[in-house]
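Asks: Following this message is one structure expressed as structure tokens.
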Amino acid sequence: MTHKVHPKIYRIGVTKSWDSKGFYEKNFSKFLKEDNEIRELLRKELRTMGVEKVEIERSAEEVGVLIYSSRPGLIIGRGGEGVKNLKEKIEKRLRKVSGNEKKSIRLEIKEVKDPWISASLAASEIARQLEKRLPYRKVVKQALHKIAMHKEVKGVRIQVAGRLNGIEIARNEFFQQGQLKRATIRGDLDYGFDMARCPYGAIGIKVFIYKGEKF
């Protein structure tokens with residue numbers, strides 16, 4: 001039997017880097033729990049705001065949270081009110097986790113100019129359209145075309161699994177265009193996963209975008 005490894009973990013230190021960085025040392029388990037709480041909170045609060053990824057940078061004095069989004073204006077809000085409220089929620093959540101210990105939070109919002117080059121954003125968009133009960137073949141083929149039309153993209157693969165179009169028996173289907181070197185460590189492979197929660201059940205979406213090799 002094959003052993004499946006997350007495409008990003010497979011390439012850590014070669015073409016990819018960790019999403020959490022900084023001074024962890026002796027408090028590793030405590031800070032890891034805090035990082036997980038921050039990501040869970042942001043996943044719930046910013047589900048419809050085009051968040052690609054969340055990076056956390058820890059220094060001796062503060063916790064830096066970098067949010068990459070294709071819709072930064074929605075997160076920032078009018079006059080920065082959205083960022084202020086989000087920062088307060090993160091501080092409140094961390095006080096519960098770390099025993100009322102006050103943490104200094106630095107929140108930054110960075111724009112993702114083209115969401116169709118990002119595998120996680122592409123997967124989220126496909127999930128939103130499937131939740132509207134659109135035919136999965138039409139949705140996936142349109143997404144495949146939008147991703148493949150970019151010059152830096154060498155190949156793309158989209159997998160969907162579940163009760164597709166509401167059928168009784170769940171199945172797994174994939175659509176692929178171009179080359180896709182998933183077993184090459186130096187291959188620049190972007191991976192994203194999301195889930196469409198439909199009335200007839202959940203549908204999992206995996207997106208692989210291959211952008212060539214890095215030497």
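Following the order of the structure tokens, chains are lettered A, B, ..., residues in each are numbered from 1, and ligands are numbered from 1.
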Give me the residues within 12 Å of Glu40 in chain A as number ranges by chain, counting only C-alpha atoms and dropping any in the same chain fewer than 5 places off.
Replies: A: 33-35, 45-47, 53-54, 89-90, 93-94
Asks: With N, CA, C and O atoms kept, could you save the residues just selected as a PDB file, in the first residue's frame?
Replies:
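Written out: again-v1.pdb:
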ATOM      1  N   LYS A  33      -0.365  25.253  20.477  1.00  0.00           N
ATOM      2  CA  LYS A  33      -1.798  25.286  20.771  1.00  0.00           C
ATOM      3  C   LYS A  33      -2.377  26.665  20.474  1.00  0.00           C
ATOM      4  O   LYS A  33      -3.480  26.782  19.922  1.00  0.00           O
ATOM      5  N   GLU A  34      -1.640  27.719  20.805  1.00  0.00           N
ATOM      6  CA  GLU A  34      -2.085  29.079  20.519  1.00  0.00           C
ATOM      7  C   GLU A  34      -2.205  29.309  19.011  1.00  0.00           C
ATOM      8  O   GLU A  34      -3.182  29.910  18.536  1.00  0.00           O
ATOM      9  N   ASP A  35      -1.221  28.834  18.248  1.00  0.00           N
ATOM     10  CA  ASP A  35      -1.253  28.964  16.784  1.00  0.00           C
ATOM     11  C   ASP A  35      -2.487  28.279  16.198  1.00  0.00           C
ATOM     12  O   ASP A  35      -3.148  28.809  15.304  1.00  0.00           O
ATOM     13  N   GLU A  45     -14.134  33.007  11.132  1.00  0.00           N
ATOM     14  CA  GLU A  45     -14.487  34.417  10.939  1.00  0.00           C
ATOM     15  C   GLU A  45     -14.356  34.859   9.482  1.00  0.00           C
ATOM     16  O   GLU A  45     -15.113  35.713   9.018  1.00  0.00           O
ATOM     17  N   LEU A  46     -13.374  34.300   8.757  1.00  0.00           N
ATOM     18  CA  LEU A  46     -13.057  34.792   7.415  1.00  0.00           C
ATOM     19  C   LEU A  46     -13.321  33.752   6.331  1.00  0.00           C
ATOM     20  O   LEU A  46     -12.671  33.775   5.292  1.00  0.00           O
ATOM     21  N   ARG A  47     -14.283  32.884   6.560  1.00  0.00           N
ATOM     22  CA  ARG A  47     -14.538  31.783   5.617  1.00  0.00           C
ATOM     23  C   ARG A  47     -14.879  32.272   4.217  1.00  0.00           C
ATOM     24  O   ARG A  47     -14.447  31.702   3.218  1.00  0.00           O
ATOM     25  N   LYS A  53      -3.924  31.749   3.005  1.00  0.00           N
ATOM     26  CA  LYS A  53      -3.174  31.117   4.097  1.00  0.00           C
ATOM     27  C   LYS A  53      -2.954  32.119   5.220  1.00  0.00           C
ATOM     28  O   LYS A  53      -3.121  33.337   5.044  1.00  0.00           O
ATOM     29  N   VAL A  54      -2.577  31.599   6.384  1.00  0.00           N
ATOM     30  CA  VAL A  54      -2.277  32.432   7.558  1.00  0.00           C
ATOM     31  C   VAL A  54      -0.888  32.074   8.042  1.00  0.00           C
ATOM     32  O   VAL A  54      -0.608  30.914   8.347  1.00  0.00           O
ATOM     33  N   LYS A  89     -10.631  39.919  18.988  1.00  0.00           N
ATOM     34  CA  LYS A  89     -11.082  38.532  19.121  1.00  0.00           C
ATOM     35  C   LYS A  89      -9.902  37.574  19.306  1.00  0.00           C
ATOM     36  O   LYS A  89      -9.984  36.627  20.093  1.00  0.00           O
ATOM     37  N   ILE A  90      -8.809  37.820  18.573  1.00  0.00           N
ATOM     38  CA  ILE A  90      -7.610  36.972  18.707  1.00  0.00           C
ATOM     39  C   ILE A  90      -7.016  37.116  20.106  1.00  0.00           C
ATOM     40  O   ILE A  90      -6.656  36.125  20.752  1.00  0.00           O
ATOM     41  N   ARG A  93      -9.200  35.266  22.601  1.00  0.00           N
ATOM     42  CA  ARG A  93      -9.028  33.817  22.501  1.00  0.00           C
ATOM     43  C   ARG A  93      -7.703  33.370  23.126  1.00  0.00           C
ATOM     44  O   ARG A  93      -7.655  32.348  23.832  1.00  0.00           O
ATOM     45  N   LEU A  94      -6.629  34.127  22.900  1.00  0.00           N
ATOM     46  CA  LEU A  94      -5.320  33.759  23.449  1.00  0.00           C
ATOM     47  C   LEU A  94      -5.279  33.884  24.968  1.00  0.00           C
ATOM     48  O   LEU A  94      -4.582  33.124  25.635  1.00  0.00           O
TER      49      LEU A  94
END
Asks: Quick one: residues within 12 Å of Ser98 in chain A, only C-alpha atoms, excluding same-chain residues fewer than 6 positions away - as a PyMOL selection string?
Replies: chain A and resi 27+29-35+37+91-92
Asks: Which residue, A:Tyr10, A:Tyr191, A:Trp116, A:Phe28, has the smallest gap to Lys206 in chain A when you use only C-alpha atoms?
Replies: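 Residue with the minimum atom-to-atom distance to Lys206 in chain A: A:Tyr191.
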Asks: Taking 4 positions as the minimum chain separation for residues in the same chain, which residues sit within 8 Å of Ser118 in chain A when counting only C-alpha atoms? Answer as number ranges by chain.
Replies: A: 52, 114, 122, 190, 192, 209
Asks: I need the residues from that last selection saved to file as a PDB file, in the first residue's frame (with C-alpha atoms), if you can.
Replies:
ATOM      1  CA  GLU A  52      -5.335  31.773   1.034  1.00  0.00           C
ATOM      2  CA  ASP A 114      -4.852  36.442  -8.762  1.00  0.00           C
ATOM      3  CA  ALA A 122      -9.378  27.772  -6.279  1.00  0.00           C
ATOM      4  CA  ASP A 190       0.771  24.197  -4.810  1.00  0.00           C
ATOM      5  CA  GLY A 192      -5.261  23.166  -1.689  1.00  0.00           C
ATOM      6  CA  ILE A 209      -1.172  23.359  -9.375  1.00  0.00           C
TER       7      ILE A 209
END
Asks: Identify all residues of range 5-196 of chain A in alpha helix (DSSP H) (DSSP on the backbone) and supply them as an NGL selection string.
Replies: :A and (7-10 or 28-45 or 72-76 or 81-97 or 119-131 or 136-148)
Asks: Give me the residues of range 102-156 of chain A that have any atom at most 8 Å from an atom of range 169-187 of chain A; for each, the nearest atom pair and the distance in Å, rounded to one decimal. Use only C-alpha atoms, sort by chain and number, and format it as CSV.
Replies:
residue,atom,partner,partner_atom,distance
A:Val140,CA,A:Phe175,CA,7.6
A:Lys141,CA,A:Phe175,CA,7.6
A:Leu144,CA,A:Gln177,CA,7.5
A:Ala148,CA,A:Gln177,CA,7.3
A:Lys154,CA,A:Gly178,CA,6.0
A:Gly155,CA,A:Gly178,CA,4.0
A:Val156,CA,A:Gln177,CA,5.5
Asks: Would you please give, as a VMD selection string, all residues of range 79-205 of chain A that DSSP assigns to strand (DSSP E or B) based on the backbone?
Replies: chain A and resid 105 to 111 155 to 162 171 to 178 187 to 198 201 to 205
Asks: Go ahead and save the picked residues with N, CA and C atoms, as a compact mmCIF listing (two decimals), in the first residue's frame.
Replies:
# COMPACT_ATOMS: atom_id res chain seq x y z
N ILE A 105 -0.44 41.57 19.79
CA ILE A 105 -0.76 41.02 18.47
C ILE A 105 -0.48 42.08 17.38
N ARG A 106 0.23 41.65 16.34
CA ARG A 106 0.43 42.50 15.15
C ARG A 106 -0.27 41.82 13.99
N LEU A 107 -1.28 42.48 13.44
CA LEU A 107 -2.10 41.90 12.38
C LEU A 107 -1.82 42.60 11.06
N GLU A 108 -1.46 41.82 10.04
CA GLU A 108 -1.19 42.36 8.71
C GLU A 108 -2.05 41.64 7.67
N ILE A 109 -2.58 42.41 6.73
CA ILE A 109 -3.38 41.84 5.65
C ILE A 109 -2.63 42.04 4.33
N LYS A 110 -2.37 40.96 3.61
CA LYS A 110 -1.65 41.04 2.33
C LYS A 110 -2.55 40.55 1.20
N GLU A 111 -2.49 41.23 0.07
CA GLU A 111 -3.38 40.93 -1.04
C GLU A 111 -2.83 39.83 -1.94
N GLY A 155 0.79 22.70 -15.17
CA GLY A 155 -0.20 21.63 -15.13
C GLY A 155 -1.12 21.79 -13.93
N VAL A 156 -2.31 21.24 -14.02
CA VAL A 156 -3.28 21.34 -12.93
C VAL A 156 -4.12 20.06 -12.85
N ARG A 157 -4.45 19.68 -11.62
CA ARG A 157 -5.29 18.50 -11.38
C ARG A 157 -6.33 18.86 -10.32
N ILE A 158 -7.59 18.55 -10.59
CA ILE A 158 -8.67 18.81 -9.63
C ILE A 158 -9.39 17.49 -9.36
N GLN A 159 -9.48 17.13 -8.07
CA GLN A 159 -10.18 15.90 -7.66
C GLN A 159 -11.40 16.25 -6.83
N VAL A 160 -12.50 15.59 -7.12
CA VAL A 160 -13.73 15.76 -6.32
C VAL A 160 -14.20 14.39 -5.87
N ALA A 161 -14.66 14.31 -4.63
CA ALA A 161 -15.09 13.02 -4.07
C ALA A 161 -16.32 13.22 -3.19
N GLY A 162 -17.28 12.32 -3.34
CA GLY A 162 -18.50 12.39 -2.54
C GLY A 162 -19.72 12.05 -3.38
N ARG A 171 -18.53 8.67 -5.21
CA ARG A 171 -17.42 8.26 -6.05
C ARG A 171 -16.36 9.36 -6.11
N ASN A 172 -15.22 9.01 -6.69
CA ASN A 172 -14.09 9.92 -6.78
C ASN A 172 -13.76 10.15 -8.25
N GLU A 173 -13.67 11.41 -8.67
CA GLU A 173 -13.32 11.74 -10.04
C GLU A 173 -12.22 12.80 -10.06
N PHE A 174 -11.39 12.77 -11.10
CA PHE A 174 -10.37 13.81 -11.23
C PHE A 174 -10.31 14.30 -12.67
N PHE A 175 -9.88 15.56 -12.81
CA PHE A 175 -9.73 16.21 -14.11
C PHE A 175 -8.33 16.82 -14.13
N GLN A 176 -7.59 16.57 -15.20
CA GLN A 176 -6.19 17.01 -15.25
C GLN A 176 -5.85 17.61 -16.62
N GLN A 177 -4.98 18.61 -16.58
CA GLN A 177 -4.51 19.23 -17.82
C GLN A 177 -3.04 19.60 -17.65
N GLY A 178 -2.20 19.27 -18.63
CA GLY A 178 -0.77 19.56 -18.55
C GLY A 178 -0.02 18.53 -17.73
N GLY A 187 9.90 20.03 -7.43
CA GLY A 187 8.76 20.56 -8.18
C GLY A 187 7.98 21.57 -7.35
N ASP A 188 7.69 22.73 -7.92
CA ASP A 188 6.92 23.77 -7.24
C ASP A 188 5.44 23.43 -7.37
N LEU A 189 4.92 22.69 -6.41
CA LEU A 189 3.55 22.20 -6.45
C LEU A 189 2.73 22.86 -5.36
N ASP A 190 1.68 23.55 -5.76
CA ASP A 190 0.77 24.20 -4.81
C ASP A 190 -0.44 23.28 -4.61
N TYR A 191 -0.79 23.03 -3.34
CA TYR A 191 -1.88 22.11 -3.02
C TYR A 191 -2.92 22.82 -2.16
N GLY A 192 -4.18 22.59 -2.48
CA GLY A 192 -5.26 23.17 -1.69
C GLY A 192 -6.40 22.18 -1.52
N PHE A 193 -7.07 22.27 -0.37
CA PHE A 193 -8.21 21.38 -0.08
C PHE A 193 -9.34 22.19 0.54
N ASP A 194 -10.56 21.86 0.14
CA ASP A 194 -11.75 22.46 0.76
C ASP A 194 -12.88 21.46 0.68
N MET A 195 -13.95 21.78 1.41
CA MET A 195 -15.09 20.87 1.45
C MET A 195 -16.38 21.63 1.19
N ALA A 196 -17.18 21.14 0.26
CA ALA A 196 -18.50 21.73 -0.03
C ALA A 196 -19.54 20.99 0.80
N ARG A 197 -20.23 21.71 1.66
CA ARG A 197 -21.24 21.09 2.52
C ARG A 197 -22.62 21.25 1.87
N CYS A 198 -23.01 20.24 1.13
CA CYS A 198 -24.26 20.25 0.38
C CYS A 198 -25.36 19.56 1.20
N GLY A 201 -24.87 15.83 1.45
CA GLY A 201 -23.60 15.34 2.00
C GLY A 201 -22.43 16.24 1.64
N ALA A 202 -21.27 15.92 2.19
CA ALA A 202 -20.07 16.72 1.96
C ALA A 202 -19.32 16.22 0.72
N ILE A 203 -18.75 17.17 -0.03
CA ILE A 203 -17.93 16.84 -1.20
C ILE A 203 -16.55 17.43 -0.99
N GLY A 204 -15.53 16.58 -1.03
CA GLY A 204 -14.15 17.04 -0.85
C GLY A 204 -13.55 17.48 -2.18
N ILE A 205 -12.80 18.57 -2.16
CA ILE A 205 -12.15 19.10 -3.37
C ILE A 205 -10.66 19.24 -3.11
Asks: Could you please determine the separation between CA of Val207 in chain A and CA of Thr48 in chain A in Å, to one decimal place?
Replies: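 Taking CA of Val207 in chain A and CA of Thr48 in chain A, their separation equals 18.3 Å.
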Asks: Which residues are close to Glu152 in chain A, i.e. within 8 Å by only C-alpha atoms, leaving aside same-chain residues fewer than 2 positions away? Reply as a list of chain:residue names.
Replies: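 That gives A:His150, A:Lys154, A:Lys211, A:Gly212.
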Asks: Using only N, CA, C and O atoms, please write the residues we just selected to a file, as a PDB file, in the first residue's frame.
Replies:
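Once written, again-v8.pdb looks like this:
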ATOM      1  N   HIS A 150      -2.954  30.566 -17.217  1.00  0.00           N
ATOM      2  CA  HIS A 150      -1.835  31.376 -16.739  1.00  0.00           C
ATOM      3  C   HIS A 150      -0.499  30.810 -17.233  1.00  0.00           C
ATOM      4  O   HIS A 150      -0.305  29.594 -17.257  1.00  0.00           O
ATOM      5  N   LYS A 154       2.151  25.067 -15.267  1.00  0.00           N
ATOM      6  CA  LYS A 154       2.542  24.001 -16.204  1.00  0.00           C
ATOM      7  C   LYS A 154       1.524  22.863 -16.260  1.00  0.00           C
ATOM      8  O   LYS A 154       1.452  22.131 -17.241  1.00  0.00           O
ATOM      9  N   LYS A 211       3.886  24.414 -11.033  1.00  0.00           N
ATOM     10  CA  LYS A 211       4.457  25.636 -11.615  1.00  0.00           C
ATOM     11  C   LYS A 211       5.899  25.456 -12.048  1.00  0.00           C
ATOM     12  O   LYS A 211       6.690  26.409 -12.034  1.00  0.00           O
ATOM     13  N   GLY A 212       6.272  24.252 -12.391  1.00  0.00           N
ATOM     14  CA  GLY A 212       7.641  23.999 -12.861  1.00  0.00           C
ATOM     15  C   GLY A 212       8.555  23.550 -11.728  1.00  0.00           C
ATOM     16  O   GLY A 212       8.121  23.287 -10.623  1.00  0.00           O
TER      17      GLY A 212
END
